[in-house]
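Containing mmCIF, C-alpha atoms and all ligand atoms: entry-v8.cif.
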```
data_coords
#
loop_
_atom_site.label_atom_id
_atom_site.label_comp_id
_atom_site.auth_asym_id
_atom_site.auth_seq_id
_atom_site.Cartn_x
_atom_site.Cartn_y
_atom_site.Cartn_z
CA MET D 1 102.65 145.47 111.30
CA THR D 2 100.97 143.51 114.09
CA ALA D 3 98.36 140.86 113.44
CA THR D 4 96.21 138.80 115.75
CA SER D 5 94.10 136.12 114.19
CA ARG D 6 91.16 134.39 115.88
CA SER D 7 89.03 132.03 113.87
CA LYS D 8 85.79 132.72 115.72
CA PHE D 9 85.00 135.86 117.68
CA ALA D 10 82.18 138.14 118.73
CA LEU D 11 82.81 141.87 118.76
CA ARG D 12 80.68 143.99 121.07
CA GLY D 13 79.86 147.63 120.33
CA ASP D 14 77.38 150.01 118.70
CA LEU D 15 77.07 148.70 115.13
CA LEU D 16 76.42 151.21 112.35
CA ASP D 17 76.13 150.43 108.67
CA PHE D 18 73.80 151.06 105.74
CA THR D 19 71.46 148.74 103.91
CA ALA D 20 71.02 151.20 101.01
CA ASP D 21 71.68 154.80 99.99
CA PRO D 22 70.14 156.92 102.78
CA GLY D 23 69.56 159.95 100.53
CA TRP D 24 70.10 163.48 101.87
CA GLY D 25 67.64 163.54 104.77
CA VAL D 26 68.59 163.79 108.43
CA GLU D 27 65.92 161.37 109.64
CA PRO D 28 67.43 157.89 109.81
CA GLY D 29 65.22 155.97 107.39
CA ALA D 30 65.34 152.25 106.74
CA ALA D 31 68.73 152.55 105.02
CA VAL D 32 70.45 153.48 108.31
CA ARG D 33 71.07 150.38 110.41
CA PHE D 34 72.12 151.32 113.92
CA ARG D 35 72.31 148.43 116.36
CA PRO D 36 73.44 149.78 119.74
CA ASP D 37 75.29 147.37 122.03
CA HIS D 38 75.29 144.31 119.81
CA TRP D 39 77.62 141.42 119.24
CA LEU D 40 78.91 141.12 115.69
CA LEU D 41 79.80 137.51 114.94
CA VAL D 42 82.87 136.76 112.85
CA GLU D 43 84.06 133.35 111.77
CA ASP D 44 87.01 132.55 109.48
CA GLY D 45 87.30 136.21 108.54
CA VAL D 46 83.65 136.49 107.46
CA ILE D 47 80.76 138.28 109.18
CA ARG D 48 78.17 135.69 110.22
CA GLY D 49 75.52 137.90 111.81
CA ALA D 50 74.73 140.03 114.86
CA HIS D 51 72.97 139.54 118.18
CA SER D 52 71.72 141.93 120.78
CA SER D 53 74.04 141.97 123.79
CA ASP D 54 71.23 140.44 125.92
CA ALA D 55 71.12 137.32 123.78
CA ALA D 56 73.08 134.31 124.96
CA LEU D 57 76.34 133.64 123.19
CA ASP D 58 77.78 130.17 123.48
CA ALA D 59 81.26 129.62 124.83
CA SER D 60 82.76 128.83 121.45
CA TRP D 61 82.90 132.57 120.61
CA THR D 62 85.92 134.52 121.81
CA ARG D 63 84.57 137.80 123.15
CA ILE D 64 86.13 141.14 122.20
CA ASP D 65 84.34 143.69 124.28
CA HIS D 66 84.25 147.23 122.89
CA ARG D 67 80.98 148.21 124.53
CA GLY D 68 80.40 151.96 124.36
CA ARG D 69 82.39 152.23 121.12
CA LEU D 70 81.23 152.62 117.52
CA VAL D 71 81.78 149.75 115.06
CA LEU D 72 81.78 150.65 111.38
CA PRO D 73 82.79 148.80 108.24
CA GLY D 74 86.37 149.69 107.29
CA PHE D 75 86.51 152.83 105.20
CA VAL D 76 87.03 152.71 101.43
CA ASP D 77 89.30 155.46 100.04
CA THR D 78 88.72 155.52 96.29
CA HIS D 79 91.64 157.74 95.34
CA VAL D 80 94.99 158.12 97.09
CA HIS D 81 98.66 158.25 96.06
CA ALA D 82 101.00 156.00 98.05
CA PRO D 83 104.26 157.89 97.35
CA GLN D 84 102.72 161.24 98.17
CA LEU D 85 102.97 160.82 101.93
CA ASP D 86 106.33 162.43 101.10
CA VAL D 87 104.72 165.67 99.89
CA ILE D 88 101.58 165.98 102.00
CA ALA D 89 101.23 169.53 103.34
CA SER D 90 103.47 171.27 100.79
CA PHE D 91 103.06 175.03 100.70
CA GLY D 92 101.84 177.50 98.21
CA THR D 93 100.89 176.00 94.83
CA GLU D 94 97.95 175.01 92.67
CA LEU D 95 97.82 171.70 90.84
CA LEU D 96 100.23 172.12 87.91
CA ASP D 97 102.90 173.92 89.93
CA TRP D 98 102.37 171.51 92.81
CA LEU D 99 103.08 168.58 90.49
CA ASN D 100 106.24 170.15 89.07
CA THR D 101 107.56 171.62 92.30
CA TYR D 102 106.90 168.88 94.81
CA THR D 103 105.26 165.77 93.48
CA PHE D 104 107.19 164.80 90.37
CA PRO D 105 110.56 165.21 92.12
CA ALA D 106 109.40 163.11 95.09
CA GLU D 107 107.93 160.34 92.93
CA GLN D 108 111.29 159.81 91.21
CA ARG D 109 112.63 158.26 94.42
CA TYR D 110 110.32 155.30 93.95
CA ALA D 111 112.40 153.94 91.09
CA ASP D 112 114.61 152.55 93.85
CA PRO D 113 113.30 149.14 95.01
CA HIS D 114 114.23 149.83 98.65
CA GLU D 115 112.42 153.18 98.66
CA ALA D 116 109.48 151.57 96.88
CA GLN D 117 109.16 148.76 99.39
CA ALA D 118 109.63 150.89 102.49
CA GLY D 119 107.21 153.47 101.11
CA ALA D 120 104.57 150.87 100.27
CA GLU D 121 104.72 149.33 103.73
CA ARG D 122 104.62 152.72 105.43
CA PHE D 123 101.63 153.67 103.31
CA CYS D 124 99.60 150.49 103.91
CA ASP D 125 100.24 150.64 107.64
CA ALA D 126 99.20 154.29 107.65
CA LEU D 127 95.97 153.53 105.78
CA LEU D 128 95.07 150.90 108.38
CA ALA D 129 95.99 153.21 111.25
CA HIS D 130 93.45 155.67 109.81
CA GLY D 131 90.70 153.04 109.59
CA THR D 132 90.89 152.55 105.83
CA THR D 133 90.87 148.87 104.93
CA SER D 134 90.21 149.19 101.16
CA ALA D 135 91.67 151.65 98.70
CA VAL D 136 92.12 152.54 95.06
CA VAL D 137 95.73 153.65 94.87
CA PHE D 138 98.29 155.29 92.59
CA PRO D 139 101.91 154.21 93.08
CA THR D 140 104.38 155.78 90.59
CA VAL D 141 105.28 155.11 86.97
CA HIS D 142 107.90 152.61 88.13
CA LYS D 143 106.92 148.97 87.88
CA VAL D 144 108.75 148.25 91.13
CA SER D 145 106.57 150.73 93.00
CA ALA D 146 103.38 149.01 91.83
CA ASP D 147 104.82 145.61 92.68
CA ALA D 148 105.81 146.78 96.16
CA LEU D 149 102.44 148.40 96.81
CA LEU D 150 100.40 145.37 95.74
CA ALA D 151 102.70 143.07 97.71
CA ALA D 152 102.32 145.19 100.85
CA ALA D 153 98.51 145.21 100.54
CA HIS D 154 98.50 141.45 99.92
CA ALA D 155 100.64 140.80 102.99
CA ARG D 156 98.09 142.69 105.09
CA GLY D 157 95.05 141.04 103.48
CA MET D 158 93.72 144.41 102.33
CA ARG D 159 91.37 144.99 99.43
CA MET D 160 93.32 147.13 97.00
CA VAL D 161 92.91 148.29 93.43
CA ALA D 162 96.12 149.70 91.94
CA GLY D 163 98.34 149.71 88.88
CA LYS D 164 101.53 151.17 87.53
CA VAL D 165 101.07 154.83 86.56
CA LEU D 166 101.09 155.48 82.81
CA MET D 167 102.84 158.68 81.73
CA ASP D 168 104.80 159.06 78.50
CA ARG D 169 105.00 162.85 78.13
CA ASN D 170 105.01 166.19 79.96
CA ALA D 171 106.94 164.96 83.01
CA PRO D 172 110.62 164.72 83.99
CA PRO D 173 112.61 161.97 82.22
CA GLY D 174 112.84 159.89 85.42
CA LEU D 175 109.05 159.60 85.43
CA LEU D 176 108.42 158.71 81.80
CA ASP D 177 107.61 155.36 80.27
CA THR D 178 106.83 154.60 76.62
CA VAL D 179 103.81 152.97 75.06
CA ASP D 180 105.74 149.71 74.68
CA SER D 181 107.39 149.65 78.11
CA ALA D 182 104.09 150.63 79.75
CA GLU D 183 102.25 147.83 77.97
CA ARG D 184 104.92 145.28 78.85
CA ASP D 185 105.07 146.32 82.51
CA SER D 186 101.28 146.48 82.82
CA ARG D 187 100.86 143.02 81.35
CA GLU D 188 103.44 141.55 83.71
CA LEU D 189 101.82 143.20 86.72
CA ILE D 190 98.34 142.10 85.63
CA GLU D 191 99.61 138.55 85.29
CA ARG D 192 101.13 138.65 88.77
CA TRP D 193 98.46 140.52 90.73
CA HIS D 194 95.08 140.90 89.03
CA GLY D 195 92.57 138.74 90.89
CA ARG D 196 95.15 137.47 93.37
CA GLY D 197 93.73 137.42 96.90
CA ARG D 198 91.91 140.72 97.38
CA LEU D 199 93.73 142.63 94.69
CA ALA D 200 92.63 143.96 91.33
CA TYR D 201 94.66 145.79 88.73
CA ALA D 202 93.83 149.27 87.43
CA MET D 203 95.06 150.80 84.22
CA THR D 204 96.34 154.00 85.79
CA VAL D 205 96.42 156.92 83.40
CA ARG D 206 97.89 159.72 85.53
CA PHE D 207 95.85 162.33 83.67
CA ALA D 208 95.29 163.17 80.04
CA PRO D 209 98.19 165.68 79.77
CA THR D 210 100.85 163.07 80.64
CA SER D 211 99.76 160.40 78.15
CA THR D 212 100.00 160.45 74.37
CA VAL D 213 97.06 159.35 72.26
CA ALA D 214 98.98 156.13 71.54
CA GLN D 215 99.28 155.41 75.24
CA LEU D 216 95.60 156.12 75.88
CA GLU D 217 94.78 153.74 73.02
CA MET D 218 96.98 151.07 74.56
CA ALA D 219 95.21 151.47 77.91
CA GLY D 220 91.81 151.18 76.22
CA ARG D 221 92.96 148.04 74.41
CA LEU D 222 93.99 146.34 77.65
CA MET D 223 90.70 147.36 79.28
CA ARG D 224 88.82 145.56 76.51
CA GLU D 225 91.13 142.56 76.60
CA VAL D 226 91.39 141.76 80.32
CA PRO D 227 88.14 141.15 82.22
CA GLY D 228 87.64 142.99 85.48
CA LEU D 229 90.39 145.58 85.07
CA TYR D 230 89.74 148.94 86.68
CA MET D 231 90.77 152.30 85.25
CA GLN D 232 91.83 155.20 87.46
CA THR D 233 92.75 158.74 86.54
CA HIS D 234 92.08 162.42 87.26
CA VAL D 235 89.59 164.65 85.50
CA ALA D 236 88.61 168.33 85.52
CA GLU D 237 90.31 169.21 88.79
CA ASN D 238 91.75 172.65 88.11
CA ARG D 239 90.91 175.36 85.59
CA ALA D 240 94.43 175.72 84.18
CA GLU D 241 94.59 171.94 83.79
CA VAL D 242 91.27 171.90 81.91
CA GLU D 243 92.55 174.61 79.57
CA TRP D 244 95.75 172.65 78.95
CA VAL D 245 93.76 169.53 78.05
CA ARG D 246 91.71 171.61 75.61
CA GLU D 247 94.95 172.65 73.88
CA LEU D 248 96.42 169.13 73.89
CA PHE D 249 93.25 167.39 72.65
CA PRO D 250 91.47 169.94 70.42
CA GLN D 251 89.35 167.22 68.82
CA ALA D 252 87.76 166.17 72.14
CA ARG D 253 84.46 167.76 73.24
CA SER D 254 85.67 168.00 76.84
CA TYR D 255 88.34 166.73 79.21
CA LEU D 256 86.14 163.77 80.16
CA ASP D 257 85.55 163.03 76.49
CA VAL D 258 89.32 162.41 76.04
CA TYR D 259 88.92 159.30 78.18
CA HIS D 260 85.64 158.31 76.54
CA ARG D 261 87.15 158.45 73.05
CA HIS D 262 89.79 155.97 74.10
CA GLY D 263 87.38 153.46 75.63
CA LEU D 264 88.38 154.26 79.19
CA LEU D 265 85.01 155.03 80.75
CA GLY D 266 82.80 152.32 82.20
CA ARG D 267 81.64 150.89 85.50
CA GLN D 268 85.23 150.08 86.44
CA ALA D 269 86.45 153.66 85.96
CA VAL D 270 87.33 155.83 88.97
CA LEU D 271 88.03 159.48 88.12
CA ALA D 272 89.23 161.82 90.82
CA HIS D 273 87.80 165.32 91.28
CA GLY D 274 85.32 166.11 88.48
CA ILE D 275 84.87 169.72 89.57
CA TRP D 276 84.81 171.45 86.19
CA LEU D 277 82.24 169.31 84.36
CA ASP D 278 79.22 170.33 82.29
CA ASP D 279 75.81 168.71 81.81
CA ALA D 280 77.00 166.57 78.91
CA ASP D 281 79.88 165.27 81.02
CA ARG D 282 77.52 164.43 83.87
CA ALA D 283 75.24 162.59 81.46
CA LEU D 284 78.25 160.71 80.07
CA LEU D 285 79.34 159.64 83.55
CA ALA D 286 75.82 158.41 84.26
CA ALA D 287 75.57 156.57 80.93
CA THR D 288 78.91 154.81 81.33
CA GLY D 289 78.63 154.10 85.07
CA ALA D 290 82.02 155.71 85.78
CA GLN D 291 82.39 157.22 89.24
CA ILE D 292 83.85 160.46 90.49
CA ALA D 293 86.09 160.14 93.55
CA HIS D 294 85.35 163.41 95.33
CA SER D 295 88.44 164.62 97.18
CA PRO D 296 87.40 167.55 99.34
CA SER D 297 90.53 168.20 101.39
CA SER D 298 92.62 168.18 98.23
CA ASN D 299 90.21 170.48 96.40
CA LEU D 300 90.39 172.99 99.25
CA PHE D 301 94.12 172.69 99.86
CA LEU D 302 95.12 173.08 96.18
CA GLY D 303 92.44 175.74 95.66
CA SER D 304 90.92 173.63 92.88
CA GLY D 305 87.24 174.45 93.32
CA LEU D 306 83.95 173.28 94.82
CA PHE D 307 82.61 169.90 93.79
CA GLY D 308 78.96 169.79 92.70
CA TRP D 309 77.85 166.58 94.37
CA ARG D 310 74.09 167.06 94.00
CA ALA D 311 74.27 167.97 90.32
CA LEU D 312 76.24 164.82 89.60
CA GLU D 313 73.98 162.61 91.64
CA ASP D 314 70.85 164.19 90.17
CA ALA D 315 72.25 163.36 86.73
CA GLY D 316 72.44 159.71 87.81
CA ALA D 317 76.22 159.50 88.20
CA ARG D 318 78.05 157.79 91.05
CA VAL D 319 80.09 159.61 93.68
CA SER D 320 82.59 158.20 96.17
CA VAL D 321 84.89 160.05 98.56
CA ALA D 322 88.65 160.03 98.67
CA SER D 323 91.59 161.50 100.53
CA ASP D 324 93.77 162.21 97.46
CA VAL D 325 96.82 162.42 99.68
CA GLY D 326 99.21 164.20 99.03
CA GLY D 327 97.04 166.89 97.39
CA GLY D 328 94.71 166.02 100.24
CA THR D 329 95.82 166.78 103.76
CA SER D 330 94.89 163.62 105.67
CA LEU D 331 94.44 159.88 105.12
CA SER D 332 91.55 159.99 107.58
CA MET D 333 88.21 159.41 105.90
CA ILE D 334 86.55 160.98 108.94
CA ARG D 335 88.47 164.21 108.42
CA THR D 336 87.77 163.88 104.69
CA LEU D 337 84.02 163.74 105.37
CA ALA D 338 84.25 166.75 107.67
CA GLU D 339 85.87 168.64 104.77
CA ALA D 340 83.22 167.31 102.37
CA TYR D 341 80.56 168.81 104.62
CA LYS D 342 82.24 172.23 104.37
CA VAL D 343 82.62 172.03 100.58
CA GLN D 344 78.89 171.36 100.28
CA ALA D 345 78.03 174.01 102.89
CA LEU D 346 79.76 176.63 100.73
CA GLN D 347 77.23 175.74 98.04
CA GLY D 348 74.18 175.65 100.29
CA VAL D 349 74.02 171.84 100.45
CA LYS D 350 74.13 169.96 103.75
CA LEU D 351 75.96 166.63 103.83
CA THR D 352 74.36 164.45 106.49
CA ALA D 353 76.36 161.98 108.54
CA TRP D 354 74.30 159.24 106.89
CA LYS D 355 75.15 160.28 103.35
CA GLY D 356 78.80 160.89 104.21
CA LEU D 357 79.39 157.62 106.04
CA TYR D 358 77.39 155.62 103.51
CA THR D 359 79.47 157.07 100.68
CA ALA D 360 82.73 156.18 102.43
CA THR D 361 81.61 152.58 103.05
CA ARG D 362 78.83 150.81 101.21
CA GLY D 363 78.38 153.48 98.55
CA ALA D 364 82.01 153.09 97.52
CA ALA D 365 81.70 149.31 97.64
CA ILE D 366 78.71 149.42 95.30
CA ALA D 367 80.38 151.92 92.97
CA LEU D 368 83.42 149.63 92.75
CA GLY D 369 81.30 146.50 92.21
CA LEU D 370 82.56 145.09 95.53
CA ASP D 371 79.38 145.21 97.61
CA HIS D 372 79.52 141.42 98.01
CA GLU D 373 82.84 141.75 99.85
CA ILE D 374 83.23 145.10 101.62
CA GLY D 375 81.42 148.19 102.87
CA SER D 376 78.83 146.79 105.26
CA LEU D 377 78.22 144.57 108.26
CA GLU D 378 75.99 142.15 106.33
CA ALA D 379 76.45 138.45 106.96
CA GLY D 380 78.72 137.04 104.28
CA ARG D 381 80.92 140.13 103.90
CA LEU D 382 84.59 139.96 104.87
CA ALA D 383 85.15 141.26 108.39
CA ASP D 384 86.86 144.55 107.55
CA LEU D 385 85.85 146.38 110.71
CA CYS D 386 86.90 149.44 112.64
CA VAL D 387 86.13 150.15 116.26
CA TRP D 388 86.06 153.87 117.11
CA ASP D 389 85.84 155.83 120.30
CA TRP D 390 82.78 158.05 120.19
CA ALA D 391 84.83 160.80 121.82
CA LEU D 392 88.33 161.45 123.13
CA GLY D 393 88.90 164.41 125.37
CA PRO D 394 86.61 166.96 126.96
CA VAL D 395 85.36 168.76 123.86
CA GLY D 396 84.11 165.68 122.06
CA GLU D 397 82.89 164.10 125.28
CA ARG D 398 80.83 167.14 126.21
CA ARG D 399 79.41 167.53 122.70
CA LEU D 400 78.28 163.93 122.59
CA ALA D 401 76.93 164.08 126.14
CA VAL D 402 74.48 166.85 125.21
CA ALA D 403 73.58 165.45 121.79
CA THR D 404 69.97 164.43 121.48
CA GLY D 405 68.98 162.12 118.68
CA LEU D 406 71.09 159.78 116.65
CA HIS D 407 71.97 162.04 113.75
CA GLU D 408 73.21 164.79 116.04
CA LYS D 409 75.49 162.31 117.76
CA VAL D 410 76.86 160.67 114.63
CA PHE D 411 77.28 164.00 112.84
CA ALA D 412 79.24 165.42 115.79
CA TRP D 413 81.43 162.32 115.65
CA MET D 414 81.98 162.69 111.89
CA THR D 415 82.94 166.33 112.38
CA LEU D 416 85.11 166.05 115.51
CA ALA D 417 86.68 162.59 115.43
CA ASP D 418 89.88 161.56 113.69
CA GLU D 419 92.29 158.63 113.42
CA ARG D 420 93.23 158.92 117.09
CA HIS D 421 89.75 157.61 117.87
CA LEU D 422 90.54 154.25 116.27
CA ALA D 423 90.65 151.59 118.98
CA GLU D 424 90.98 148.48 116.82
CA ALA D 425 90.92 147.60 113.13
CA PHE D 426 90.30 144.19 111.59
CA VAL D 427 91.04 143.15 108.05
CA ALA D 428 89.19 139.99 107.01
CA GLY D 429 88.82 139.21 110.71
CA VAL D 430 92.50 139.69 111.56
CA ALA D 431 93.28 142.44 114.06
CA ARG D 432 95.85 144.65 112.30
CA VAL D 433 95.71 147.75 114.51
CA ARG D 434 95.09 147.87 118.23
CA ARG D 435 95.44 150.88 120.44
CA ASP D 436 96.03 150.38 124.12
CA THR D 437 92.61 151.31 125.46
CA GLY D 438 93.36 150.40 129.05
N1 LIG D 501 96.58 165.28 88.48
C1 LIG D 501 97.60 164.56 87.95
N2 LIG D 501 98.36 164.02 88.90
C2 LIG D 501 97.81 164.38 90.07
C3 LIG D 501 98.16 164.12 91.43
O1 LIG D 501 99.13 163.43 91.74
N3 LIG D 501 97.35 164.67 92.37
C4 LIG D 501 96.27 165.43 92.05
N4 LIG D 501 95.51 165.94 93.02
N5 LIG D 501 95.94 165.70 90.79
C5 LIG D 501 96.69 165.18 89.81
ZN ZN D 502 95.07 162.30 92.86
#
```

Could you rewrite the structure in this file as structure tokens?
Amino acid sequence: MTATSRSKFALRGDLLDFTADPGWGVEPGAAVRFRPDHWLLVEDGVIRGAHSSDAALDASWTRIDHRGRLVLPGFVDTHVHAPQLDVIASFGTELLDWLNTYTFPAEQRYADPHEAQAGAERFCDALLAHGTTSAVVFPTVHKVSADALLAAAHARGMRMVAGKVLMDRNAPPGLLDTVDSAERDSRELIERWHGRGRLAYAMTVRFAPTSTVAQLEMAGRLMREVPGLYMQTHVAENRAEVEWVRELFPQARSYLDVYHRHGLLGRQAVLAHGIWLDDADRALLAATGAQIAHSPSSNLFLGSGLFGWRALEDAGARVSVASDVGGGTSLSMIRTLAEAYKVQALQGVKLTAWKGLYTATRGAAIALGLDHEIGSLEAGRLADLCVWDWALGPVGERRLAVATGLHEKVFAWMTLADERHLAEAFVAGVARVRRDTG
């Protein structure tokens, strides 16, 4: 981890962020704020404003000149598993077999404090190297893995929402807790981390099949008791999984309803996937304010299904985007958006660059209740910033050279760029990643 801290600097580049949800149109309306060749002013880790590059800048500002590059707010990944860097790109299975064959065995390693710490640091550094400065993260069931993850994020100044995974059935013995041990560990971790620096704690129900009713009740109780807690889980990802939940919870109307019955849905709830939902589920998500973390590369890789983004949004529910590594195949939110475009294209819907990039920045910030801190280049927000090359190499360079119009250019970037395009990343104004750009 490298870090360079300057108390007052001006960053020059093409600034792109969003003042509101841009909708699904290609024309850049008022919600798209593109400020080519501007200085973004940062003081004490906070964005102070922006000036055109022609405007005079007094000598007190240290200049960081990235002219000709794209400056975006740091990406927000609303669903990712830290220990699953170990199983990314594992061959040949759908969700339930993938968990049993690859993921559960790998997660058992994180009972070891050394593995947990090394894994957490590797993961946080990798997130930053992919331009993700905020994330909602699963560690493992082991308290030490949650501790290590939150400590690693804290050391890097990152905004992170995470919590020890709850699972007291239907997994190997090395990955099981109990209602009592889970409550004790969760309370200790909440005490240590919730609200500390840029961290918040999430009650982390792995998914309905791996928690007993008593454990779900315990999670709901803590959600009511501790202000500001998040809840993260999975829902309706895979058809065999949905069928299993129906057998395990015959009294529930649907998979989503299992969480609702235990008081786990609300504005702080982040549920990954949400592919196999019905109208009543969509209405319930809208009524409770819970968000679906759409994970396109995972849904394609595990053959889970095609996410109905428009139906959910038309019902009034919130959608964010997520890598879901290791079901997902990359930590890059740019690659994730390129996959999201294809998932929608298969259903006749076209994801614009505006909608995609908004959802991965300010949209996620709003859905998480963190718009005051992250997701945009507004004055007053923390300076979580990423500087990207518009193109690297002849294919991207040529495509951008012939692009006419702003959407064509930004869409080509969203489709062709990746983490190698990251030139510099700042977290709360501290440079945490810097590529040698010559
Ligand atoms: N459902 C329960 N656990 C997991 C997981 O680790 N990844 C994915 N994609 N789905 C899950
Ligand atoms: Zn997941």

All residues 9 Å or closer to D:Ala135, all atoms listed in the file, same chain fewer than 2 positions away omitted, as a ChimeraX atom specification: /D:75-80,127,132-133,137,158-162,322

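Between D:Pro73 and the residues D:Arg381, D:His38, D:Arg434, D:Arg239, the shortest atom-to-atom distance, using only C-alpha atoms, involves D:Arg381.
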
What are the nearest atom pairs, with distances in Å to one decimal, for all residues of chain D that come at most 12 Å from ligand ZN 502 (chain D), using only C-alpha atoms and all ligand atoms, set out by chain and rising residue number as JSON lines?
```
{"residue": "D:Asp77", "atom": "CA", "partner": "D:ZN502", "partner_atom": "ZN", "distance": 11.5}
{"residue": "D:Thr78", "atom": "CA", "partner": "D:ZN502", "partner_atom": "ZN", "distance": 9.9}
{"residue": "D:His79", "atom": "CA", "partner": "D:ZN502", "partner_atom": "ZN", "distance": 6.2}
{"residue": "D:Val80", "atom": "CA", "partner": "D:ZN502", "partner_atom": "ZN", "distance": 5.9}
{"residue": "D:His81", "atom": "CA", "partner": "D:ZN502", "partner_atom": "ZN", "distance": 6.3}
{"residue": "D:Ala82", "atom": "CA", "partner": "D:ZN502", "partner_atom": "ZN", "distance": 10.1}
{"residue": "D:Pro83", "atom": "CA", "partner": "D:ZN502", "partner_atom": "ZN", "distance": 11.1}
{"residue": "D:Gln84", "atom": "CA", "partner": "D:ZN502", "partner_atom": "ZN", "distance": 9.4}
{"residue": "D:Ile88", "atom": "CA", "partner": "D:ZN502", "partner_atom": "ZN", "distance": 11.8}
{"residue": "D:Leu95", "atom": "CA", "partner": "D:ZN502", "partner_atom": "ZN", "distance": 10.0}
{"residue": "D:Trp98", "atom": "CA", "partner": "D:ZN502", "partner_atom": "ZN", "distance": 11.8}
{"residue": "D:Leu99", "atom": "CA", "partner": "D:ZN502", "partner_atom": "ZN", "distance": 10.5}
{"residue": "D:Thr103", "atom": "CA", "partner": "D:ZN502", "partner_atom": "ZN", "distance": 10.8}
{"residue": "D:Val136", "atom": "CA", "partner": "D:ZN502", "partner_atom": "ZN", "distance": 10.4}
{"residue": "D:Val137", "atom": "CA", "partner": "D:ZN502", "partner_atom": "ZN", "distance": 8.9}
{"residue": "D:Phe138", "atom": "CA", "partner": "D:ZN502", "partner_atom": "ZN", "distance": 7.7}
{"residue": "D:Pro139", "atom": "CA", "partner": "D:ZN502", "partner_atom": "ZN", "distance": 10.6}
{"residue": "D:Thr140", "atom": "CA", "partner": "D:ZN502", "partner_atom": "ZN", "distance": 11.6}
{"residue": "D:Val165", "atom": "CA", "partner": "D:ZN502", "partner_atom": "ZN", "distance": 11.5}
{"residue": "D:Thr204", "atom": "CA", "partner": "D:ZN502", "partner_atom": "ZN", "distance": 11.0}
{"residue": "D:Val205", "atom": "CA", "partner": "D:ZN502", "partner_atom": "ZN", "distance": 11.0}
{"residue": "D:Arg206", "atom": "CA", "partner": "D:ZN502", "partner_atom": "ZN", "distance": 8.3}
{"residue": "D:Phe207", "atom": "CA", "partner": "D:ZN502", "partner_atom": "ZN", "distance": 9.2}
{"residue": "D:Gln232", "atom": "CA", "partner": "D:ZN502", "partner_atom": "ZN", "distance": 9.5}
{"residue": "D:Thr233", "atom": "CA", "partner": "D:ZN502", "partner_atom": "ZN", "distance": 7.6}
{"residue": "D:His234", "atom": "CA", "partner": "D:ZN502", "partner_atom": "ZN", "distance": 6.3}
{"residue": "D:Val235", "atom": "CA", "partner": "D:ZN502", "partner_atom": "ZN", "distance": 9.5}
{"residue": "D:Ala236", "atom": "CA", "partner": "D:ZN502", "partner_atom": "ZN", "distance": 11.5}
{"residue": "D:Glu237", "atom": "CA", "partner": "D:ZN502", "partner_atom": "ZN", "distance": 9.3}
{"residue": "D:Asn238", "atom": "CA", "partner": "D:ZN502", "partner_atom": "ZN", "distance": 11.9}
{"residue": "D:Val270", "atom": "CA", "partner": "D:ZN502", "partner_atom": "ZN", "distance": 10.8}
{"residue": "D:Leu271", "atom": "CA", "partner": "D:ZN502", "partner_atom": "ZN", "distance": 8.9}
{"residue": "D:Ala272", "atom": "CA", "partner": "D:ZN502", "partner_atom": "ZN", "distance": 6.2}
{"residue": "D:His273", "atom": "CA", "partner": "D:ZN502", "partner_atom": "ZN", "distance": 8.0}
{"residue": "D:Gly274", "atom": "CA", "partner": "D:ZN502", "partner_atom": "ZN", "distance": 11.3}
{"residue": "D:Ile292", "atom": "CA", "partner": "D:ZN502", "partner_atom": "ZN", "distance": 11.6}
{"residue": "D:Ala293", "atom": "CA", "partner": "D:ZN502", "partner_atom": "ZN", "distance": 9.3}
{"residue": "D:His294", "atom": "CA", "partner": "D:ZN502", "partner_atom": "ZN", "distance": 10.1}
{"residue": "D:Ser295", "atom": "CA", "partner": "D:ZN502", "partner_atom": "ZN", "distance": 8.2}
{"residue": "D:Pro296", "atom": "CA", "partner": "D:ZN502", "partner_atom": "ZN", "distance": 11.3}
{"residue": "D:Ser297", "atom": "CA", "partner": "D:ZN502", "partner_atom": "ZN", "distance": 11.3}
{"residue": "D:Ser298", "atom": "CA", "partner": "D:ZN502", "partner_atom": "ZN", "distance": 8.3}
{"residue": "D:Asn299", "atom": "CA", "partner": "D:ZN502", "partner_atom": "ZN", "distance": 10.2}
{"residue": "D:Leu302", "atom": "CA", "partner": "D:ZN502", "partner_atom": "ZN", "distance": 11.3}
{"residue": "D:Val321", "atom": "CA", "partner": "D:ZN502", "partner_atom": "ZN", "distance": 11.9}
{"residue": "D:Ala322", "atom": "CA", "partner": "D:ZN502", "partner_atom": "ZN", "distance": 9.0}
{"residue": "D:Ser323", "atom": "CA", "partner": "D:ZN502", "partner_atom": "ZN", "distance": 8.5}
{"residue": "D:Asp324", "atom": "CA", "partner": "D:ZN502", "partner_atom": "ZN", "distance": 4.8}
{"residue": "D:Val325", "atom": "CA", "partner": "D:ZN502", "partner_atom": "ZN", "distance": 7.0}
{"residue": "D:Gly326", "atom": "CA", "partner": "D:ZN502", "partner_atom": "ZN", "distance": 7.7}
{"residue": "D:Gly327", "atom": "CA", "partner": "D:ZN502", "partner_atom": "ZN", "distance": 6.7}
{"residue": "D:Gly328", "atom": "CA", "partner": "D:ZN502", "partner_atom": "ZN", "distance": 8.3}
{"residue": "D:Thr329", "atom": "CA", "partner": "D:ZN502", "partner_atom": "ZN", "distance": 11.8}
```

Using all atoms listed in the file, find the one residue out of D:Gly263, D:Gly23, D:Gly393, D:Pro250 that sits nearest to D:Met231. D:Gly263

Contacts of D:Arg122 within 12 Å, all atoms listed in the file, excl. fewer than 3 positions in-chain, as a VMD selection string: chain D and resid 1 82 to 86 115 to 119 125 to 129 148 to 149 152 to 153 156
